[in-house]
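Trainee: Please find one structure pasted underneath; my questions will follow.
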Amino acid sequence: MENNSKNAIPGDLESLMDSVSLDDEVKSSKKSIFETISYNFSKFNSSRIEFLQKTPLLSYSIKRILYAFVTLYLAVIVMYALLRFVTPDTVYISDLDLGKLGIKVGSDEYYTLIDNRKKIYGAYGPLISQIFIYLRNITPFIPKEIILNPVIDSAGNVTGDPTTMWFYLGVIFGKATGLQQGSLVQDAFKEAIPVSFKLGGLAVLLSYLLGVPLGILAAKNKEKWKDSAINGTSLIISAIPALVIIKLLYEMSIYYFGAGARWEDSTVFTKMFPLIGVMLLIMPMIIVNTRRFVIDEMTSDYTKFAMSKGLSSRYVFYVHIFRNAGIRMIKTVPEIFIVTLFGSSILVEQHWVVPGMSKFILYGIADRDTFLILGYIFVSASAGVFSSLIGDLLLAVLDPRIKLTK
């Protein structure tokens with residue numbers, strides 16, 4: 001017995017030692033995994049810091065865009081919730097005659113009809129679920145399975161033509177736009193954006209061609225009668241409400257100049273007045289900014305130093321002053337163009353019935369068309385973010401003093 005017990009002890013010790021070594025191996029393995037993760041994270045962080053140090057301007061632009069899109073998504077969430085709260089159920093069945101269908105308001109058939117319409121339009125289900133679905137739909141990096149030409153089967157399920165999309169803004173369910181209910185928002189935008197682009201782009205181009213020389217003339221004649229006339233007129237036009245300016249121009253173009261009242265099927269003479277209207281809204285800002293930029297450069301130390309060396313005022317202005325002020329002016333072009341496309345031209349397009357983007361935001365609000373309003377906000381805000389990036393890149397390309405790496 002004694003021998004057996006003595007022989008058994010080493011076996012127990014051996015198994016105990018094996019278990020201890022196994023625990024050590026597990027701990028060592030866990031420690032190794034933790035060290036690997038910690039090392040990789042530290043390496044990534046150091047690479048990120050190195051990249052930020054090497055490309056501060058580019059990094060700043062990217063960071064600003066990311067923050068802008070985070071803010072945009074938060075704004076979309078808030079707007080989606082608010083629009084859903086103020087949208088009555090009758091909006092989804094506004095095109096139906098309940099009397100002809102034999103459906104009474106408040107009956108089970110009535111509420112079933114509303115639920116089916118919400119399913120077709122993509123506005124059915126809990127609010128949180130709808131918000132996350134919409135955020136997924138407007139994120140272009142995620143493929144979405146979308147059902148086109150949706151119908152409700154006998155079981156209450158949505159059926160139709162499934163298709164994969166990378167970007168989806170929802171459907172139109174209001175009537176004020178004149179478009180077919182259930183049509184895609186992005187398809188409507190594709191037809192309207194080129195019209196607004198032509199009007200806004202030509203207005204911005206002409207505004208810069210006229211506004212920049214006027215701003216330079218005012219700056220060269222600072223505190224003289226030319227400066228007072230140009231700068232004073234610009235400030236007066238800016239102070240007048242935009243609605244008053246466009247309304248007066250619209251009435252004058254019809255009753256005093258004999259122009260047409262609508263953009264479509266009109267002459268070039270008629271289309272000239274909406275163009276002038278947009279220019280009146282944006283050119284004063286261009287004149288004032290140009291004057292300020294030129295005066296800043298004219299009063300800078302390097303200008304005084306160049307003049308003290310005996311260089312001609314003409315040479316100093318066009319080689320130094322105008323070039324540096326021009327860089328600052330060019331940086332503002334993308335932002336002013338986007339503001340014109342989605343903002344300043346709204347009143348003009350409304351008065352002359354221009355088939356551009358303005359009708360969607362105006363009629364969308366009137367109809368409480370959720371996806372139309374949100375689509376307009378998302379597209380315009382996204383364009384604004386990218387225009388800001390383009391402005392930064394233009395500044396880095398045109399100004400030799402600024403580099404992406406310095």
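Order determines the names: the first chain of the structure tokens is A, the second B, and so forth; residues in each chain are numbered 1 upward, and ligands are numbered 1 upward as they are shown.
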Give the alpha helix (DSSP H) residues of segment 222-304 of chain A, as DSSP finds them on the backbone, and put them as a short mmCIF file (atom, residue, chain, number, x, y, z; two decimals) with all heavy atoms, in the first residue's frame.
Mentor:
```cif
data_model
loop_
_atom_site.label_atom_id
_atom_site.label_comp_id
_atom_site.auth_asym_id
_atom_site.auth_seq_id
_atom_site.Cartn_x
_atom_site.Cartn_y
_atom_site.Cartn_z
N TRP A 225 -15.29 109.03 -55.13
CA TRP A 225 -16.68 108.94 -55.54
C TRP A 225 -16.98 107.64 -56.26
O TRP A 225 -18.08 107.10 -56.14
CB TRP A 225 -17.06 110.15 -56.39
CG TRP A 225 -16.44 110.15 -57.77
CD1 TRP A 225 -15.27 110.72 -58.14
CD2 TRP A 225 -16.99 109.56 -58.94
NE1 TRP A 225 -15.02 110.53 -59.46
CE2 TRP A 225 -16.08 109.81 -59.99
CE3 TRP A 225 -18.16 108.84 -59.22
CZ2 TRP A 225 -16.29 109.38 -61.30
CZ3 TRP A 225 -18.37 108.40 -60.51
CH2 TRP A 225 -17.46 108.66 -61.54
N LYS A 226 -16.00 107.11 -57.03
CA LYS A 226 -16.22 105.84 -57.71
C LYS A 226 -16.40 104.71 -56.70
O LYS A 226 -17.27 103.84 -56.86
CB LYS A 226 -15.04 105.53 -58.64
CG LYS A 226 -14.92 106.46 -59.83
CD LYS A 226 -13.75 106.07 -60.71
CE LYS A 226 -13.64 107.01 -61.91
NZ LYS A 226 -12.48 106.66 -62.77
N ASP A 227 -15.57 104.72 -55.68
CA ASP A 227 -15.68 103.69 -54.63
C ASP A 227 -17.01 103.81 -53.91
O ASP A 227 -17.69 102.82 -53.64
CB ASP A 227 -14.51 103.84 -53.66
CG ASP A 227 -14.58 102.84 -52.51
OD1 ASP A 227 -15.06 101.71 -52.74
OD2 ASP A 227 -14.18 103.19 -51.39
N SER A 228 -17.39 105.04 -53.59
CA SER A 228 -18.65 105.25 -52.87
C SER A 228 -19.84 104.80 -53.70
O SER A 228 -20.78 104.19 -53.18
CB SER A 228 -18.80 106.73 -52.51
OG SER A 228 -17.73 107.15 -51.69
N ALA A 229 -19.79 105.09 -55.02
CA ALA A 229 -20.91 104.72 -55.89
C ALA A 229 -21.01 103.20 -56.03
O ALA A 229 -22.10 102.62 -55.89
CB ALA A 229 -20.74 105.36 -57.26
N ILE A 230 -19.88 102.53 -56.31
CA ILE A 230 -19.90 101.08 -56.53
C ILE A 230 -20.20 100.34 -55.24
O ILE A 230 -21.10 99.47 -55.18
CB ILE A 230 -18.55 100.61 -57.12
CG1 ILE A 230 -18.34 101.23 -58.51
CG2 ILE A 230 -18.50 99.09 -57.20
CD1 ILE A 230 -16.97 100.97 -59.09
N ASN A 231 -19.46 100.66 -54.19
CA ASN A 231 -19.64 99.95 -52.92
C ASN A 231 -20.99 100.28 -52.30
O ASN A 231 -21.66 99.39 -51.73
CB ASN A 231 -18.51 100.33 -51.96
CG ASN A 231 -18.40 99.38 -50.78
OD1 ASN A 231 -18.51 98.16 -50.95
ND2 ASN A 231 -18.19 99.91 -49.60
N GLY A 232 -21.43 101.53 -52.40
CA GLY A 232 -22.72 101.91 -51.83
C GLY A 232 -23.87 101.23 -52.53
O GLY A 232 -24.81 100.74 -51.88
N THR A 233 -23.81 101.15 -53.87
CA THR A 233 -24.86 100.47 -54.61
C THR A 233 -24.93 98.99 -54.25
O THR A 233 -26.01 98.42 -54.09
CB THR A 233 -24.63 100.62 -56.13
OG1 THR A 233 -24.56 102.02 -56.46
CG2 THR A 233 -25.75 99.96 -56.91
N SER A 234 -23.77 98.37 -54.12
CA SER A 234 -23.72 96.95 -53.76
C SER A 234 -24.33 96.71 -52.39
O SER A 234 -25.10 95.75 -52.19
CB SER A 234 -22.27 96.45 -53.77
OG SER A 234 -21.69 96.59 -55.05
N LEU A 235 -24.02 97.57 -51.44
CA LEU A 235 -24.56 97.42 -50.09
C LEU A 235 -26.06 97.66 -50.06
O LEU A 235 -26.79 97.00 -49.33
CB LEU A 235 -23.85 98.37 -49.13
CG LEU A 235 -22.35 98.10 -48.89
CD1 LEU A 235 -21.74 99.16 -48.01
CD2 LEU A 235 -22.16 96.72 -48.27
N ILE A 236 -26.54 98.62 -50.87
CA ILE A 236 -27.99 98.90 -50.91
C ILE A 236 -28.74 97.70 -51.48
O ILE A 236 -29.78 97.27 -50.94
CB ILE A 236 -28.27 100.16 -51.75
CG1 ILE A 236 -27.77 101.41 -51.00
CG2 ILE A 236 -29.76 100.29 -52.03
CD1 ILE A 236 -27.84 102.67 -51.82
N ILE A 237 -28.21 97.12 -52.57
CA ILE A 237 -28.86 95.95 -53.17
C ILE A 237 -28.85 94.77 -52.19
O ILE A 237 -29.83 94.04 -52.07
CB ILE A 237 -28.15 95.56 -54.48
CG1 ILE A 237 -28.35 96.66 -55.53
CG2 ILE A 237 -28.69 94.23 -55.02
CD1 ILE A 237 -27.59 96.42 -56.82
N SER A 238 -27.75 94.62 -51.46
CA SER A 238 -27.66 93.52 -50.49
C SER A 238 -28.64 93.72 -49.35
O SER A 238 -29.12 92.74 -48.75
CB SER A 238 -26.23 93.41 -49.95
OG SER A 238 -25.31 93.15 -50.98
N ALA A 239 -28.93 94.99 -49.01
CA ALA A 239 -29.82 95.27 -47.89
C ALA A 239 -31.28 95.05 -48.24
O ALA A 239 -32.10 94.80 -47.35
CB ALA A 239 -29.61 96.71 -47.41
N ALA A 242 -34.36 89.82 -50.83
CA ALA A 242 -34.27 89.18 -52.13
C ALA A 242 -35.64 89.04 -52.78
O ALA A 242 -35.77 89.18 -54.01
CB ALA A 242 -33.61 87.81 -51.99
N LEU A 243 -36.67 88.76 -51.98
CA LEU A 243 -38.01 88.60 -52.54
C LEU A 243 -38.49 89.89 -53.20
O LEU A 243 -39.12 89.85 -54.28
CB LEU A 243 -38.98 88.20 -51.42
CG LEU A 243 -40.45 88.00 -51.83
CD1 LEU A 243 -40.56 86.91 -52.89
CD2 LEU A 243 -41.30 87.67 -50.62
N VAL A 244 -38.16 91.04 -52.62
CA VAL A 244 -38.57 92.32 -53.19
C VAL A 244 -37.86 92.57 -54.51
O VAL A 244 -38.47 93.01 -55.50
CB VAL A 244 -38.27 93.46 -52.19
CG1 VAL A 244 -38.58 94.82 -52.82
CG2 VAL A 244 -39.07 93.27 -50.91
N ILE A 245 -36.56 92.27 -54.56
CA ILE A 245 -35.78 92.49 -55.78
C ILE A 245 -36.32 91.65 -56.93
O ILE A 245 -36.56 92.15 -58.04
CB ILE A 245 -34.29 92.17 -55.52
CG1 ILE A 245 -33.69 93.16 -54.54
CG2 ILE A 245 -33.51 92.19 -56.83
CD1 ILE A 245 -32.27 92.85 -54.15
N ILE A 246 -36.52 90.37 -56.66
CA ILE A 246 -36.97 89.47 -57.72
C ILE A 246 -38.40 89.78 -58.14
O ILE A 246 -38.74 89.74 -59.34
CB ILE A 246 -36.85 88.01 -57.25
CG1 ILE A 246 -35.40 87.69 -56.90
CG2 ILE A 246 -37.34 87.06 -58.33
CD1 ILE A 246 -34.42 87.96 -58.00
N LYS A 247 -39.25 90.14 -57.20
CA LYS A 247 -40.64 90.48 -57.53
C LYS A 247 -40.70 91.72 -58.42
O LYS A 247 -41.44 91.76 -59.42
CB LYS A 247 -41.43 90.70 -56.24
CG LYS A 247 -42.93 90.94 -56.46
CD LYS A 247 -43.61 89.71 -57.00
CE LYS A 247 -45.11 89.93 -57.13
NZ LYS A 247 -45.81 88.75 -57.70
N LEU A 248 -39.92 92.76 -58.07
CA LEU A 248 -39.90 93.98 -58.87
C LEU A 248 -39.36 93.71 -60.27
O LEU A 248 -39.90 94.20 -61.27
CB LEU A 248 -39.05 95.04 -58.18
CG LEU A 248 -39.64 95.68 -56.92
CD1 LEU A 248 -38.63 96.62 -56.27
CD2 LEU A 248 -40.92 96.44 -57.26
N LEU A 249 -38.28 92.93 -60.35
CA LEU A 249 -37.70 92.60 -61.66
C LEU A 249 -38.68 91.80 -62.51
O LEU A 249 -38.80 92.03 -63.72
CB LEU A 249 -36.40 91.82 -61.46
CG LEU A 249 -35.67 91.40 -62.75
CD1 LEU A 249 -35.22 92.62 -63.54
CD2 LEU A 249 -34.48 90.50 -62.43
N TYR A 250 -39.38 90.87 -61.88
CA TYR A 250 -40.36 90.04 -62.61
C TYR A 250 -41.49 90.90 -63.17
O TYR A 250 -41.87 90.77 -64.34
CB TYR A 250 -40.90 88.98 -61.66
CG TYR A 250 -41.92 88.06 -62.29
CD1 TYR A 250 -41.53 87.09 -63.21
CD2 TYR A 250 -43.27 88.15 -61.95
CE1 TYR A 250 -42.47 86.25 -63.80
CE2 TYR A 250 -44.21 87.31 -62.53
CZ TYR A 250 -43.80 86.36 -63.45
OH TYR A 250 -44.73 85.53 -64.02
N GLU A 251 -42.03 91.79 -62.34
CA GLU A 251 -43.12 92.66 -62.79
C GLU A 251 -42.65 93.61 -63.89
O GLU A 251 -43.35 93.83 -64.89
CB GLU A 251 -43.67 93.46 -61.61
CG GLU A 251 -44.26 92.61 -60.50
CD GLU A 251 -45.57 91.96 -60.90
OE1 GLU A 251 -46.17 92.42 -61.90
OE2 GLU A 251 -46.00 91.00 -60.23
N MET A 252 -41.46 94.17 -63.74
CA MET A 252 -40.93 95.10 -64.74
C MET A 252 -40.67 94.39 -66.06
O MET A 252 -40.92 94.95 -67.14
CB MET A 252 -39.65 95.74 -64.22
CG MET A 252 -39.84 96.75 -63.09
SD MET A 252 -38.27 97.38 -62.45
CE MET A 252 -37.61 98.15 -63.93
N SER A 253 -40.14 93.16 -65.99
CA SER A 253 -39.83 92.44 -67.23
C SER A 253 -41.08 92.16 -68.05
O SER A 253 -41.04 92.15 -69.29
CB SER A 253 -39.11 91.13 -66.90
OG SER A 253 -39.98 90.22 -66.24
N ILE A 254 -42.21 91.97 -67.38
CA ILE A 254 -43.47 91.65 -68.09
C ILE A 254 -44.18 92.91 -68.56
O ILE A 254 -44.55 93.04 -69.73
CB ILE A 254 -44.39 90.82 -67.17
CG1 ILE A 254 -43.75 89.47 -66.86
CG2 ILE A 254 -45.75 90.61 -67.82
CD1 ILE A 254 -44.51 88.63 -65.86
N TYR A 255 -44.37 93.89 -67.64
CA TYR A 255 -45.24 95.03 -67.94
C TYR A 255 -44.50 96.19 -68.61
O TYR A 255 -45.13 97.02 -69.28
CB TYR A 255 -45.90 95.52 -66.65
CG TYR A 255 -46.81 94.49 -66.04
CD1 TYR A 255 -46.47 93.85 -64.86
CD2 TYR A 255 -48.01 94.14 -66.65
CE1 TYR A 255 -47.30 92.89 -64.29
CE2 TYR A 255 -48.86 93.20 -66.10
CZ TYR A 255 -48.49 92.56 -64.91
OH TYR A 255 -49.31 91.61 -64.37
N VAL A 268 -34.88 84.16 -75.90
CA VAL A 268 -33.65 84.48 -75.17
C VAL A 268 -33.84 85.77 -74.38
O VAL A 268 -33.29 85.92 -73.28
CB VAL A 268 -32.47 84.61 -76.16
CG1 VAL A 268 -31.21 85.05 -75.44
CG2 VAL A 268 -32.24 83.30 -76.89
N PHE A 269 -34.62 86.70 -74.92
CA PHE A 269 -34.88 87.95 -74.22
C PHE A 269 -35.58 87.71 -72.88
O PHE A 269 -35.23 88.33 -71.86
CB PHE A 269 -35.75 88.86 -75.10
CG PHE A 269 -36.08 90.18 -74.48
CD1 PHE A 269 -35.11 91.16 -74.32
CD2 PHE A 269 -37.38 90.44 -74.03
CE1 PHE A 269 -35.43 92.38 -73.72
CE2 PHE A 269 -37.69 91.65 -73.45
CZ PHE A 269 -36.72 92.62 -73.30
N THR A 270 -36.53 86.80 -72.86
CA THR A 270 -37.22 86.49 -71.61
C THR A 270 -36.29 85.80 -70.63
O THR A 270 -36.29 86.11 -69.43
CB THR A 270 -38.44 85.58 -71.89
OG1 THR A 270 -39.37 86.29 -72.71
CG2 THR A 270 -39.12 85.17 -70.59
N LYS A 271 -35.47 84.87 -71.12
CA LYS A 271 -34.56 84.13 -70.24
C LYS A 271 -33.45 85.02 -69.69
O LYS A 271 -32.76 84.63 -68.74
CB LYS A 271 -33.96 82.96 -70.99
CG LYS A 271 -34.98 81.87 -71.34
CD LYS A 271 -34.33 80.70 -72.03
CE LYS A 271 -35.38 79.61 -72.34
NZ LYS A 271 -34.80 78.44 -73.02
N MET A 272 -33.28 86.19 -70.28
CA MET A 272 -32.25 87.10 -69.79
C MET A 272 -32.60 87.66 -68.42
O MET A 272 -31.73 87.91 -67.59
CB MET A 272 -32.08 88.25 -70.80
CG MET A 272 -31.05 89.28 -70.42
SD MET A 272 -30.94 90.58 -71.67
CE MET A 272 -32.56 91.37 -71.45
N PHE A 273 -33.88 87.85 -68.14
CA PHE A 273 -34.30 88.47 -66.88
C PHE A 273 -34.10 87.55 -65.67
O PHE A 273 -33.66 88.03 -64.62
CB PHE A 273 -35.75 88.96 -66.98
CG PHE A 273 -35.90 90.15 -67.88
CD1 PHE A 273 -36.29 89.99 -69.20
CD2 PHE A 273 -35.62 91.42 -67.40
CE1 PHE A 273 -36.42 91.09 -70.03
CE2 PHE A 273 -35.75 92.53 -68.24
CZ PHE A 273 -36.14 92.36 -69.57
N PRO A 274 -34.42 86.26 -65.75
CA PRO A 274 -34.05 85.39 -64.62
C PRO A 274 -32.55 85.37 -64.37
O PRO A 274 -32.11 85.33 -63.21
CB PRO A 274 -34.55 84.00 -65.07
CG PRO A 274 -35.59 84.28 -66.08
CD PRO A 274 -35.20 85.54 -66.76
N LEU A 275 -31.77 85.44 -65.43
CA LEU A 275 -30.32 85.49 -65.28
C LEU A 275 -29.89 86.76 -64.56
O LEU A 275 -29.06 86.72 -63.64
CB LEU A 275 -29.68 85.41 -66.67
CG LEU A 275 -28.15 85.31 -66.72
CD1 LEU A 275 -27.68 84.03 -66.08
CD2 LEU A 275 -27.67 85.40 -68.17
N ILE A 276 -30.49 87.88 -64.93
CA ILE A 276 -30.18 89.14 -64.25
C ILE A 276 -30.61 89.07 -62.78
O ILE A 276 -29.92 89.59 -61.89
CB ILE A 276 -30.89 90.32 -64.96
CG1 ILE A 276 -30.31 90.51 -66.36
CG2 ILE A 276 -30.77 91.60 -64.15
CD1 ILE A 276 -31.04 91.55 -67.20
N GLY A 277 -31.74 88.41 -62.53
CA GLY A 277 -32.21 88.28 -61.15
C GLY A 277 -31.21 87.55 -60.26
O GLY A 277 -30.92 87.97 -59.13
N VAL A 278 -30.67 86.44 -60.76
CA VAL A 278 -29.67 85.70 -59.98
C VAL A 278 -28.41 86.54 -59.79
O VAL A 278 -27.81 86.57 -58.71
CB VAL A 278 -29.33 84.36 -60.67
CG1 VAL A 278 -28.27 83.61 -59.86
CG2 VAL A 278 -30.58 83.50 -60.80
N MET A 279 -28.02 87.26 -60.83
CA MET A 279 -26.82 88.10 -60.74
C MET A 279 -26.99 89.20 -59.71
O MET A 279 -26.05 89.54 -58.98
CB MET A 279 -26.50 88.70 -62.11
CG MET A 279 -26.05 87.68 -63.14
SD MET A 279 -25.83 88.40 -64.78
CE MET A 279 -24.55 89.62 -64.46
N LEU A 280 -28.19 89.77 -59.63
CA LEU A 280 -28.43 90.82 -58.63
C LEU A 280 -28.30 90.29 -57.21
O LEU A 280 -27.99 91.05 -56.28
CB LEU A 280 -29.82 91.42 -58.83
CG LEU A 280 -30.01 92.35 -60.04
CD1 LEU A 280 -31.47 92.75 -60.19
CD2 LEU A 280 -29.12 93.58 -59.91
N LEU A 281 -28.54 89.01 -57.02
CA LEU A 281 -28.46 88.43 -55.68
C LEU A 281 -27.04 88.08 -55.27
O LEU A 281 -26.73 88.06 -54.08
CB LEU A 281 -29.34 87.18 -55.61
CG LEU A 281 -30.85 87.38 -55.82
CD1 LEU A 281 -31.58 86.06 -55.72
CD2 LEU A 281 -31.41 88.38 -54.83
N ILE A 282 -26.16 87.78 -56.23
CA ILE A 282 -24.82 87.31 -55.86
C ILE A 282 -23.71 88.29 -56.23
O ILE A 282 -22.65 88.27 -55.60
CB ILE A 282 -24.52 85.94 -56.50
CG1 ILE A 282 -24.53 86.04 -58.03
CG2 ILE A 282 -25.48 84.89 -56.01
CD1 ILE A 282 -24.12 84.74 -58.71
N MET A 283 -23.93 89.15 -57.24
CA MET A 283 -22.84 90.03 -57.68
C MET A 283 -22.43 91.07 -56.63
O MET A 283 -21.25 91.39 -56.52
CB MET A 283 -23.21 90.72 -59.00
CG MET A 283 -21.99 91.32 -59.69
SD MET A 283 -22.31 91.75 -61.41
CE MET A 283 -23.40 93.16 -61.21
N PRO A 284 -23.37 91.66 -55.85
CA PRO A 284 -22.92 92.59 -54.81
C PRO A 284 -21.92 91.97 -53.83
O PRO A 284 -20.96 92.62 -53.42
CB PRO A 284 -24.23 92.97 -54.10
CG PRO A 284 -25.27 92.81 -55.14
CD PRO A 284 -24.84 91.63 -55.95
N MET A 285 -22.14 90.69 -53.49
CA MET A 285 -21.21 90.02 -52.58
C MET A 285 -19.84 89.86 -53.23
O MET A 285 -18.81 90.03 -52.57
CB MET A 285 -21.78 88.66 -52.19
CG MET A 285 -20.89 87.83 -51.29
SD MET A 285 -21.69 86.30 -50.75
CE MET A 285 -22.13 85.55 -52.31
N ILE A 286 -19.82 89.55 -54.52
CA ILE A 286 -18.55 89.40 -55.23
C ILE A 286 -17.80 90.73 -55.30
O ILE A 286 -16.58 90.79 -55.10
CB ILE A 286 -18.81 88.84 -56.65
CG1 ILE A 286 -19.37 87.42 -56.56
CG2 ILE A 286 -17.53 88.86 -57.48
CD1 ILE A 286 -19.80 86.84 -57.89
N ILE A 287 -18.54 91.81 -55.56
CA ILE A 287 -17.91 93.15 -55.62
C ILE A 287 -17.30 93.53 -54.28
O ILE A 287 -16.16 93.99 -54.20
CB ILE A 287 -18.95 94.19 -56.07
CG1 ILE A 287 -19.39 93.93 -57.51
CG2 ILE A 287 -18.38 95.60 -55.94
CD1 ILE A 287 -20.52 94.82 -57.98
N VAL A 288 -18.07 93.34 -53.22
CA VAL A 288 -17.59 93.72 -51.88
C VAL A 288 -16.38 92.87 -51.47
O VAL A 288 -15.39 93.39 -50.94
CB VAL A 288 -18.73 93.57 -50.85
CG1 VAL A 288 -18.20 93.76 -49.44
CG2 VAL A 288 -19.83 94.59 -51.14
N ASN A 289 -16.43 91.56 -51.74
CA ASN A 289 -15.30 90.69 -51.39
C ASN A 289 -14.06 91.04 -52.20
O ASN A 289 -12.94 91.06 -51.67
CB ASN A 289 -15.67 89.23 -51.62
CG ASN A 289 -16.61 88.68 -50.57
OD1 ASN A 289 -16.69 89.22 -49.47
ND2 ASN A 289 -17.32 87.62 -50.90
N THR A 290 -14.24 91.30 -53.50
CA THR A 290 -13.09 91.67 -54.33
C THR A 290 -12.46 92.95 -53.84
O THR A 290 -11.22 93.06 -53.74
CB THR A 290 -13.54 91.83 -55.80
OG1 THR A 290 -14.13 90.63 -56.26
CG2 THR A 290 -12.35 92.19 -56.68
N ARG A 291 -13.27 93.94 -53.53
CA ARG A 291 -12.75 95.19 -53.01
C ARG A 291 -11.97 94.97 -51.72
O ARG A 291 -10.87 95.50 -51.53
CB ARG A 291 -13.91 96.16 -52.75
CG ARG A 291 -13.50 97.49 -52.13
CD ARG A 291 -14.72 98.34 -51.83
NE ARG A 291 -14.36 99.60 -51.23
CZ ARG A 291 -14.14 99.79 -49.92
NH1 ARG A 291 -14.26 98.75 -49.08
NH2 ARG A 291 -13.81 100.98 -49.46
N ARG A 292 -12.52 94.15 -50.84
CA ARG A 292 -11.84 93.90 -49.55
C ARG A 292 -10.53 93.16 -49.76
O ARG A 292 -9.51 93.50 -49.15
CB ARG A 292 -12.77 93.09 -48.65
CG ARG A 292 -12.16 92.68 -47.32
CD ARG A 292 -13.23 92.17 -46.38
NE ARG A 292 -13.92 91.03 -46.93
CZ ARG A 292 -13.49 89.76 -46.79
NH1 ARG A 292 -12.37 89.51 -46.14
NH2 ARG A 292 -14.20 88.77 -47.29
N PHE A 293 -10.53 92.13 -50.62
CA PHE A 293 -9.30 91.37 -50.87
C PHE A 293 -8.21 92.25 -51.46
O PHE A 293 -7.04 92.17 -51.05
CB PHE A 293 -9.58 90.20 -51.81
CG PHE A 293 -10.50 89.15 -51.24
CD1 PHE A 293 -11.26 88.33 -52.07
CD2 PHE A 293 -10.60 88.97 -49.87
CE1 PHE A 293 -12.09 87.37 -51.55
CE2 PHE A 293 -11.45 88.01 -49.33
CZ PHE A 293 -12.19 87.21 -50.18
N VAL A 294 -8.57 93.09 -52.43
CA VAL A 294 -7.58 93.94 -53.08
C VAL A 294 -7.03 94.98 -52.11
O VAL A 294 -5.82 95.24 -52.06
CB VAL A 294 -8.19 94.62 -54.32
CG1 VAL A 294 -7.23 95.65 -54.91
CG2 VAL A 294 -8.53 93.57 -55.38
N ILE A 295 -7.90 95.58 -51.31
CA ILE A 295 -7.44 96.58 -50.34
C ILE A 295 -6.53 95.92 -49.30
O ILE A 295 -5.51 96.51 -48.89
CB ILE A 295 -8.65 97.26 -49.67
CG1 ILE A 295 -9.37 98.17 -50.67
CG2 ILE A 295 -8.21 98.06 -48.45
CD1 ILE A 295 -10.61 98.84 -50.13
N ASP A 296 -6.84 94.72 -48.88
CA ASP A 296 -5.97 94.02 -47.93
C ASP A 296 -4.57 93.84 -48.50
O ASP A 296 -3.57 94.02 -47.79
CB ASP A 296 -6.57 92.65 -47.59
CG ASP A 296 -7.78 92.75 -46.69
OD1 ASP A 296 -8.00 93.84 -46.12
OD2 ASP A 296 -8.53 91.75 -46.57
N GLU A 297 -4.50 93.47 -49.78
CA GLU A 297 -3.19 93.26 -50.40
C GLU A 297 -2.48 94.59 -50.66
O GLU A 297 -1.26 94.67 -50.56
CB GLU A 297 -3.34 92.49 -51.71
CG GLU A 297 -3.96 91.11 -51.57
CD GLU A 297 -3.14 90.18 -50.70
OE1 GLU A 297 -1.91 90.35 -50.65
OE2 GLU A 297 -3.73 89.29 -50.06
N MET A 298 -3.25 95.63 -50.98
CA MET A 298 -2.64 96.93 -51.26
C MET A 298 -2.01 97.55 -50.01
O MET A 298 -1.05 98.32 -50.11
CB MET A 298 -3.70 97.88 -51.83
CG MET A 298 -4.14 97.54 -53.25
SD MET A 298 -5.53 98.58 -53.82
CE MET A 298 -4.78 100.21 -53.78
N ASP A 301 2.46 94.73 -46.02
CA ASP A 301 3.85 95.16 -45.91
C ASP A 301 4.64 94.88 -47.18
O ASP A 301 5.50 95.68 -47.59
CB ASP A 301 4.52 94.47 -44.72
CG ASP A 301 3.95 94.93 -43.40
OD1 ASP A 301 3.40 96.06 -43.36
OD2 ASP A 301 4.02 94.17 -42.42
N TYR A 302 4.39 93.74 -47.84
CA TYR A 302 5.18 93.42 -49.03
C TYR A 302 4.89 94.39 -50.16
O TYR A 302 5.77 94.69 -50.99
CB TYR A 302 4.93 91.98 -49.47
CG TYR A 302 3.64 91.73 -50.19
CD1 TYR A 302 3.51 91.95 -51.56
CD2 TYR A 302 2.50 91.29 -49.51
CE1 TYR A 302 2.32 91.73 -52.22
CE2 TYR A 302 1.31 91.08 -50.16
CZ TYR A 302 1.22 91.30 -51.52
OH TYR A 302 0.04 91.08 -52.17
N THR A 303 3.65 94.93 -50.21
CA THR A 303 3.33 95.93 -51.24
C THR A 303 4.08 97.23 -50.97
O THR A 303 4.66 97.84 -51.90
CB THR A 303 1.82 96.19 -51.25
OG1 THR A 303 1.13 94.97 -51.52
CG2 THR A 303 1.46 97.21 -52.32
N LYS A 304 4.11 97.65 -49.73
CA LYS A 304 4.86 98.87 -49.38
C LYS A 304 6.34 98.69 -49.66
O LYS A 304 7.01 99.61 -50.15
CB LYS A 304 4.63 99.19 -47.91
CG LYS A 304 3.18 99.51 -47.56
CD LYS A 304 3.00 99.74 -46.07
CE LYS A 304 1.54 100.01 -45.72
NZ LYS A 304 1.36 100.19 -44.24
#
```
Trainee: Would you mind telling me which residue in A:Met307, A:Phe337, A:Tyr208, A:Pro162 lies nearest to Ile321 of chain A when using only C-alpha atoms?
Mentor: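 Using only C-alpha atoms, Ile321 of chain A sits closest to A:Met307.
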Trainee: Write out as a PyMOL selection string each polymer residue whose atoms come within 12 Å of Asp187 of chain A, counting only C-alpha atoms; drop sequence neighbours fewer than 5 positions from it.
Mentor: chain A and resi 167-172+179-180+182+192-193+372+375
Trainee: Return the single residue from A:Ile361, A:Leu72, A:Ala261, A:Val158 that is closest to Thr139 of chain A, with distances computed using only C-alpha atoms.
Mentor: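 Looking only at the distances to Thr139 of chain A, the closest residue turns out to be A:Leu72.
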Trainee: Need to verify the contact set: Ile330 of chain A, 10 Å, only C-alpha atoms, exclusion of same-chain residues closer than 4 positions in sequence. Can you return it as a count of residues only?
Mentor: 9
Trainee: Any idea what the distance is between atom CA of Asn149 of chain A and atom CA of Met165 of chain A?
Mentor: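 Separation between atom CA of Asn149 of chain A and atom CA of Met165 of chain A: 14.5 Å.
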